[in-house]
Structure formats: C-alpha cells, structure tokens
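Below is the file protein-v1.cif, which contains mmCIF, C-alpha atoms.
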data_work
loop_
_atom_site.label_atom_id
_atom_site.label_comp_id
_atom_site.auth_asym_id
_atom_site.auth_seq_id
_atom_site.Cartn_x
_atom_site.Cartn_y
_atom_site.Cartn_z
CA MET A 1 0.00 0.00 0.00
CA LYS A 2 0.99 3.62 -0.34
CA ALA A 3 -0.07 7.00 1.08
CA ARG A 4 -2.30 8.89 -1.36
CA LYS A 5 -0.71 11.96 -2.87
CA GLY A 6 -2.12 15.32 -1.87
CA PHE A 7 -2.54 14.60 1.84
CA ASN A 8 0.17 16.29 3.84
CA LEU A 9 1.11 16.50 7.49
CA ARG A 10 0.97 20.03 8.89
CA ASN A 11 1.51 21.46 12.35
CA VAL A 12 -1.56 23.56 13.15
CA CYS A 13 -1.50 25.30 16.52
CA GLY A 14 0.80 22.62 17.92
CA GLU A 15 -1.29 19.73 16.62
CA GLN A 16 -0.19 17.35 13.83
CA ILE A 17 -2.92 17.27 11.18
CA ILE A 18 -3.24 15.55 7.80
CA VAL A 19 -4.75 18.04 5.39
CA PRO A 20 -5.87 17.59 1.80
CA GLU A 21 -4.14 19.79 -0.76
CA GLY A 22 -4.86 20.35 -4.42
CA LYS A 23 -8.05 20.50 -6.47
CA GLU A 24 -8.48 16.72 -6.50
CA ASN A 25 -8.63 16.65 -2.68
CA ILE A 26 -10.87 19.66 -2.10
CA ASP A 27 -13.11 17.70 0.31
CA CYS A 28 -11.94 18.91 3.73
CA THR A 29 -13.83 16.23 5.63
CA ASN A 30 -10.62 14.18 5.48
CA ILE A 31 -8.69 16.40 7.90
CA ILE A 32 -7.26 14.02 10.49
CA SER A 33 -5.48 14.79 13.74
CA MET A 34 -2.50 12.56 14.49
CA ASN A 35 -0.59 11.82 17.64
CA GLU A 36 3.21 11.86 17.66
CA SER A 37 3.69 8.22 16.66
CA SER A 38 1.12 8.21 13.85
CA ALA A 39 2.59 11.48 12.50
CA TYR A 40 6.04 9.84 12.59
CA LEU A 41 4.72 6.87 10.61
CA TRP A 42 2.96 9.12 8.07
CA GLN A 43 6.17 11.07 7.46
CA SER A 44 8.17 7.84 7.19
CA ILE A 45 6.01 6.32 4.44
CA GLN A 46 5.69 9.30 2.11
CA GLY A 47 6.41 8.28 -1.48
CA LYS A 48 7.08 4.64 -0.55
CA ASP A 49 5.27 1.36 -0.79
CA PHE A 50 4.88 -0.13 2.68
CA THR A 51 3.31 -3.00 4.58
CA ALA A 52 1.85 -3.26 8.06
CA GLU A 53 5.06 -5.03 9.08
CA ASP A 54 7.09 -2.03 7.91
CA LEU A 55 5.04 0.19 10.22
CA VAL A 56 5.46 -2.24 13.12
CA ARG A 57 9.22 -2.21 12.58
CA LEU A 58 9.29 1.60 12.46
CA LEU A 59 7.35 1.83 15.72
CA THR A 60 9.47 -0.66 17.60
CA GLU A 61 12.69 0.99 16.40
CA GLU A 62 11.60 4.53 17.28
CA TYR A 63 9.56 3.98 20.46
CA GLU A 64 9.80 1.77 23.50
CA VAL A 65 6.94 -0.50 22.52
CA ASP A 66 6.77 -4.26 22.17
CA GLU A 67 5.97 -5.85 18.82
CA GLU A 68 2.52 -7.12 19.87
CA THR A 69 1.36 -3.67 21.01
CA ALA A 70 2.86 -2.05 17.90
CA ARG A 71 1.08 -4.54 15.63
CA ALA A 72 -2.29 -3.88 17.30
CA ASP A 73 -1.77 -0.12 17.02
CA VAL A 74 -0.72 -0.39 13.36
CA GLU A 75 -3.81 -2.47 12.48
CA LYS A 76 -6.06 0.21 14.00
CA LEU A 77 -4.14 3.02 12.33
CA ILE A 78 -4.27 1.41 8.87
CA GLN A 79 -8.00 0.87 9.29
CA GLN A 80 -8.46 4.56 10.18
CA TRP A 81 -6.35 5.64 7.20
CA GLN A 82 -8.38 3.37 4.90
CA ILE A 83 -11.69 4.75 6.19
CA ALA A 84 -10.40 8.28 5.56
CA ASP A 85 -9.29 7.17 2.06
CA LEU A 86 -5.66 8.18 2.72
CA LEU A 87 -4.15 5.01 1.24
CA GLU A 88 -3.74 3.55 -2.22
CA PRO A 89 -3.67 -0.24 -2.61
#
This entry written out as structure tokens:
Amino acid sequence: MKARKGFNLRNVCGEQIIVPEGKENIDCTNIISMNESSAYLWQSIQGKDFTAEDLVRLLTEEYEVDEETARADVEKLIQQWQIADLLEP
C-alpha cells in the first residue's frame, strides 16, 4: 500500500494534522489529527510502498513499545487511514 498523494502533514497550533491539498482533494472532511507516533509513521512512508510489518518495525525501532502492542496499534491506524481514504492499494 501507499499513502495517497495530496494529503500532507501540517503542524496547526501545535497539533499534527493531515490536510488535503490540491483540487483533486478539495473535500476537507478528510482532515485528520495525528498523535506523535502516527505522524512519525505518516512522514516515514511518504512516497514509498509499505506494509503493516514495515510500520510495526518503524514503531518498535523509534519507540519503547513491544511488537505485539505495535502490531495492534498499526492495524487500528491502517484501518483509520483506509476509512479516511488516505491510502492507495
């Protein structure tokens, strides 16, 4: 899978937010607030194909989290990104 183009991470008043940019993404209902770890993952995958396992690896390397917890968090995060239509297959 891959992050859809035109959705960028911005710091708005101290909060990390994914915002749509460009005419093709004019629908602003897809603005999503991200915590530190999800923002880190979003930045890490830009322009790359990735798997859930890639995200788990990134989390366990960057944060003090065990693989099982990271995997559960990644599954939830991917589901949220899919619902918001932020990912390409």
Explicit residue set for the PyMOL selection byres ((chain A and resi 50-55) around 9), as a ChimeraX atom specification: /A:1-3,41,44-45,48-49,56-60,70-71,74-75,78
Residues selected by the PyMOL selection byres ((chain A and resi 81) around 12), written as an MDAnalysis selection string: chainID A and resid 1:4 7 18 30:34 38:39 41:42 74:80 82:89
Can you spit out the residues from that selection as a CSV table (one decimal), in the coordinates of the input, using C-alpha atoms?
chain,number,residue,atom,x,y,z
A,1,MET,CA,0.0,0.0,0.0
A,2,LYS,CA,1.0,3.6,-0.3
A,3,ALA,CA,-0.1,7.0,1.1
A,4,ARG,CA,-2.3,8.9,-1.4
A,7,PHE,CA,-2.5,14.6,1.8
A,18,ILE,CA,-3.2,15.6,7.8
A,30,ASN,CA,-10.6,14.2,5.5
A,31,ILE,CA,-8.7,16.4,7.9
A,32,ILE,CA,-7.3,14.0,10.5
A,33,SER,CA,-5.5,14.8,13.7
A,34,MET,CA,-2.5,12.6,14.5
A,38,SER,CA,1.1,8.2,13.8
A,39,ALA,CA,2.6,11.5,12.5
A,41,LEU,CA,4.7,6.9,10.6
A,42,TRP,CA,3.0,9.1,8.1
A,74,VAL,CA,-0.7,-0.4,13.4
A,75,GLU,CA,-3.8,-2.5,12.5
A,76,LYS,CA,-6.1,0.2,14.0
A,77,LEU,CA,-4.1,3.0,12.3
A,78,ILE,CA,-4.3,1.4,8.9
A,79,GLN,CA,-8.0,0.9,9.3
A,80,GLN,CA,-8.5,4.6,10.2
A,82,GLN,CA,-8.4,3.4,4.9
A,83,ILE,CA,-11.7,4.8,6.2
A,84,ALA,CA,-10.4,8.3,5.6
A,85,ASP,CA,-9.3,7.2,2.1
A,86,LEU,CA,-5.7,8.2,2.7
A,87,LEU,CA,-4.2,5.0,1.2
A,88,GLU,CA,-3.7,3.6,-2.2
A,89,PRO,CA,-3.7,-0.2,-2.6
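The spacing separating atom CA of A:Pro20 from atom CA of A:Gly6 amounts to 5.7 Å.
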Separation of atom CA of A:Glu21 from atom CA of A:Gly47 in Å: 15.6 Å
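Here atom CA of A:Glu36 and atom CA of A:Glu67 stand 18.0 Å from one another.
When only C-alpha atoms are used to measure the gap to A:Gln43, the shortest distance among A:Gly14, A:Val19, A:Glu68, A:Leu9 belongs to A:Leu9.
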Box centre and edge lengths (Å, one decimal), axis-aligned, stretch 48-54 of chain A plus 5 Å each side, as AutoDock Vina command-line options:
--center_x 4.5 --center_y -0.2 --center_z 4.1 --size_x 15.2 --size_y 19.7 --size_z 19.9
Requested file, stretch 45-79 of chain A restricted to N, CA and C atoms, as a short mmCIF file (atom, residue, chain, number, x, y, z; two decimals), in the first residue's frame:
data_model
loop_
_atom_site.label_atom_id
_atom_site.label_comp_id
_atom_site.auth_asym_id
_atom_site.auth_seq_id
_atom_site.Cartn_x
_atom_site.Cartn_y
_atom_site.Cartn_z
N ILE A 45 6.48 7.10 5.59
CA ILE A 45 6.01 6.32 4.44
C ILE A 45 5.79 7.16 3.18
N GLN A 46 5.98 8.44 3.26
CA GLN A 46 5.69 9.30 2.11
C GLN A 46 6.50 8.87 0.88
N GLY A 47 5.79 8.63 -0.21
CA GLY A 47 6.41 8.28 -1.48
C GLY A 47 6.94 6.86 -1.55
N LYS A 48 6.57 6.01 -0.59
CA LYS A 48 7.08 4.64 -0.55
C LYS A 48 5.94 3.64 -0.47
N ASP A 49 6.16 2.48 -1.05
CA ASP A 49 5.27 1.36 -0.79
C ASP A 49 5.62 0.83 0.59
N PHE A 50 4.62 0.38 1.34
CA PHE A 50 4.88 -0.13 2.68
C PHE A 50 3.86 -1.20 3.04
N THR A 51 4.21 -1.98 4.04
CA THR A 51 3.31 -3.00 4.58
C THR A 51 3.05 -2.69 6.05
N ALA A 52 2.11 -3.40 6.62
CA ALA A 52 1.85 -3.26 8.06
C ALA A 52 3.11 -3.62 8.85
N GLU A 53 3.83 -4.63 8.38
CA GLU A 53 5.06 -5.03 9.08
C GLU A 53 6.12 -3.93 9.05
N ASP A 54 6.16 -3.17 7.97
CA ASP A 54 7.09 -2.03 7.91
C ASP A 54 6.75 -1.03 9.01
N LEU A 55 5.46 -0.76 9.19
CA LEU A 55 5.04 0.19 10.22
C LEU A 55 5.35 -0.34 11.61
N VAL A 56 5.13 -1.63 11.83
CA VAL A 56 5.46 -2.24 13.12
C VAL A 56 6.95 -2.07 13.41
N ARG A 57 7.77 -2.35 12.41
CA ARG A 57 9.22 -2.21 12.58
C ARG A 57 9.60 -0.77 12.92
N LEU A 58 9.01 0.19 12.19
CA LEU A 58 9.29 1.60 12.46
C LEU A 58 8.93 1.98 13.89
N LEU A 59 7.78 1.51 14.35
CA LEU A 59 7.35 1.83 15.72
C LEU A 59 8.28 1.24 16.77
N THR A 60 8.63 -0.01 16.59
CA THR A 60 9.47 -0.66 17.60
C THR A 60 10.89 -0.10 17.60
N GLU A 61 11.36 0.39 16.45
CA GLU A 61 12.69 0.99 16.40
C GLU A 61 12.72 2.39 17.00
N GLU A 62 11.63 3.14 16.85
CA GLU A 62 11.60 4.53 17.28
C GLU A 62 11.09 4.72 18.71
N TYR A 63 10.20 3.83 19.15
CA TYR A 63 9.56 3.98 20.46
C TYR A 63 9.79 2.73 21.31
N GLU A 64 9.67 2.90 22.58
CA GLU A 64 9.80 1.77 23.50
C GLU A 64 8.45 1.06 23.59
N VAL A 65 8.20 0.23 22.60
CA VAL A 65 6.94 -0.50 22.52
C VAL A 65 7.25 -1.91 22.03
N ASP A 66 6.54 -2.88 22.60
CA ASP A 66 6.77 -4.26 22.17
C ASP A 66 6.06 -4.51 20.84
N GLU A 67 6.47 -5.55 20.16
CA GLU A 67 5.97 -5.85 18.82
C GLU A 67 4.46 -6.12 18.82
N GLU A 68 3.96 -6.80 19.82
CA GLU A 68 2.52 -7.12 19.87
C GLU A 68 1.68 -5.84 19.98
N THR A 69 2.09 -4.94 20.84
CA THR A 69 1.36 -3.67 21.01
C THR A 69 1.47 -2.84 19.73
N ALA A 70 2.67 -2.79 19.14
CA ALA A 70 2.86 -2.05 17.90
C ALA A 70 1.98 -2.60 16.79
N ARG A 71 1.90 -3.91 16.68
CA ARG A 71 1.08 -4.54 15.63
C ARG A 71 -0.39 -4.18 15.81
N ALA A 72 -0.89 -4.23 17.04
CA ALA A 72 -2.29 -3.88 17.30
C ALA A 72 -2.55 -2.41 16.96
N ASP A 73 -1.61 -1.54 17.33
CA ASP A 73 -1.77 -0.12 17.02
C ASP A 73 -1.73 0.13 15.51
N VAL A 74 -0.85 -0.55 14.81
CA VAL A 74 -0.72 -0.39 13.36
C VAL A 74 -2.00 -0.87 12.66
N GLU A 75 -2.56 -1.97 13.10
CA GLU A 75 -3.81 -2.47 12.48
C GLU A 75 -4.92 -1.43 12.61
N LYS A 76 -5.04 -0.82 13.79
CA LYS A 76 -6.06 0.21 14.00
C LYS A 76 -5.78 1.44 13.14
N LEU A 77 -4.51 1.83 13.09
CA LEU A 77 -4.14 3.02 12.33
C LEU A 77 -4.41 2.82 10.83
N ILE A 78 -4.02 1.69 10.30
CA ILE A 78 -4.27 1.41 8.87
C ILE A 78 -5.76 1.44 8.59
N GLN A 79 -6.54 0.86 9.47
CA GLN A 79 -8.00 0.87 9.29
C GLN A 79 -8.52 2.32 9.26
#
